[in-house]
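**Student:** Questions regarding the structure given below will be posed in turn.
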Amino acid sequence: DAKTTQPPSMDCAEGRAANLPCNHSTISGNEYVYWYRQIHSQGPQYIIHGLKNNETNEMASLIITEDRKSSTLILPHATLRDTAVYYCIGRIQGAQKLVFGQGTRLTINP
Amino acid sequence: DGGITQSPKYLFRKEGQNVTLSCEQNLNHDAMYWYRQDPGQGLRLIYYSQIVNDFQKGDIAEGYSVSREKKESFPLTVTSAQKNPTAFYLCASRTSGHHNEQFFGPGTRLTVL
């Protein structure tokens, strides 16, 4: 699994777009980029995943660079409920486990 | 409602006692997982099971045991051999297939006194 690097913390104003970066320079061709988030004292929640194309769902957008060495999770209109720790994870296709780093603690400010 | 339940949310035990944490899912998922989380840290995999009556060790299996007698249930026993059992324990499940995400339960916070 690729090692991922994320900033330990970020702040964003409510209503603005939150852009969370992730570096995964050692990612292999068959590794997907997954994003989960964990609200305090709860279980993690799946957000989105992608391989090389940009992806969008009802929660967020995922932008992956052409060389796949980094990606950005975008929460388009952050709310206070988006305050959480966000994890970027590299996962080989078909692999069982997810390897969680320390993630980015995102704080949405009113 | 479909989901994963873990009980209890908070659990206290005396040092030297074994304790079993419950995890039940009604999502008809094949695979189930146990993770441990320490304060300020990410999750670490303890054990996982891909099908009934089969399970594999994760990265930190020492001092833990599991069973998978039913598809819906994957209990974790924290034994007295686990040197630092106080932690937040999370159970997850997912369907078979390459891309299906893991669904997590609410977690059990175990404190050993």
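Ligands are numbered from 1 in the order shown, chains are lettered A, B, ... in the order of the structure tokens, and residues start at 1 in each chain.
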Pull out every residue of chain A that has at least one atom within 12 Å of chain B, counting only C-alpha atoms, and report them as a PyMOL selection string.
**Tutor:** chain A and resi 8-9+30-51+85-89+91-105
**Student:** Can you tell me which residues surround region 11-18 of chain B at a distance of at most 12 Å, considering only C-alpha atoms, apart from same-chain residues fewer than 3 positions away, and format the answer as a ChimeraX atom specification?
**Tutor:** /B:6-8,21-22,63-65,76-89,107-113
**Student:** Using only C-alpha atoms, which residue out of A:Asn19, A:Thr79, A:Asn53, A:Ser70 lies closest to Thr4 (chain A)?
**Tutor:**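 Ranked by minimum distance to Thr4 (chain A), first place goes to A:Ser70.
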**Student:** One decimal, Å: what's the distance from CA of Leu62 (chain A) over to CA of Ala18 (chain A), could you say?
**Tutor:** 11.8 Å
**Student:** So what do you get for CA of Ile108 (chain A) versus CA of Asn23 (chain A), distance-wise?
**Tutor:** 22.2 Å
**Student:** Please compute the CA of His29 (chain B)-CA of Glu58 (chain A) distance, one decimal, in Å.
**Tutor:** 23.5 Å
**Student:** Nearest residue to Thr107 (chain A) out of A:Asp11, A:Thr65, A:Asn54, A:Gly29, using only C-alpha atoms?
**Tutor:**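 Checking each of A:Asp11, A:Thr65, A:Asn54, A:Gly29 against Thr107 (chain A), counting only C-alpha atoms, the winner is A:Asp11.
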**Student:** If we count only C-alpha atoms and set the cut-off at 7 Å, which residues sit around Leu80 (chain A), ignoring sequence neighbours fewer than 3 positions away in its own chain? Please answer as a list in words.
**Tutor:**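 The contact residues come out as Glu14, Thr83, Ile108 and Asn109 of chain A.
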**Student:** Write out as a ChimeraX atom specification the set of residues from chain A that DSSP, computed on the backbone, places in strand (DSSP E or B).
**Tutor:** /A:5,9-13,18-23,31-38,45-50,55-56,61-64,70-75,84-92,104-109
**Student:** When you look at Lys70 (chain B) with a cut-off of 10 Å (counting only C-alpha atoms), what residues show up, excluding the ones that are within fewer than 5 positions of it in the same chain? I need them as a list in words.
**Tutor:**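 Residues meeting the cut-off are Glu24, Ile51, Val52 and Asn53 of chain B.
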**Student:** Only N, CA and C atoms, please: the residues just picked out, written as a PDB file, in the first residue's frame.
**Tutor:**
```
ATOM      1  N   GLU B  24     -22.175  -6.995  15.443  1.00  0.00           N
ATOM      2  CA  GLU B  24     -23.228  -7.659  14.672  1.00  0.00           C
ATOM      3  C   GLU B  24     -23.576  -6.786  13.466  1.00  0.00           C
ATOM      4  N   ILE B  51     -14.955 -14.915   5.215  1.00  0.00           N
ATOM      5  CA  ILE B  51     -16.132 -15.775   5.173  1.00  0.00           C
ATOM      6  C   ILE B  51     -16.311 -16.440   6.526  1.00  0.00           C
ATOM      7  N   VAL B  52     -17.453 -17.066   6.697  1.00  0.00           N
ATOM      8  CA  VAL B  52     -17.743 -17.759   7.959  1.00  0.00           C
ATOM      9  C   VAL B  52     -16.713 -18.857   8.198  1.00  0.00           C
ATOM     10  N   ASN B  53     -16.343 -19.004   9.462  1.00  0.00           N
ATOM     11  CA  ASN B  53     -15.401 -20.045   9.913  1.00  0.00           C
ATOM     12  C   ASN B  53     -13.986 -19.851   9.378  1.00  0.00           C
TER      13      ASN B  53
END
```
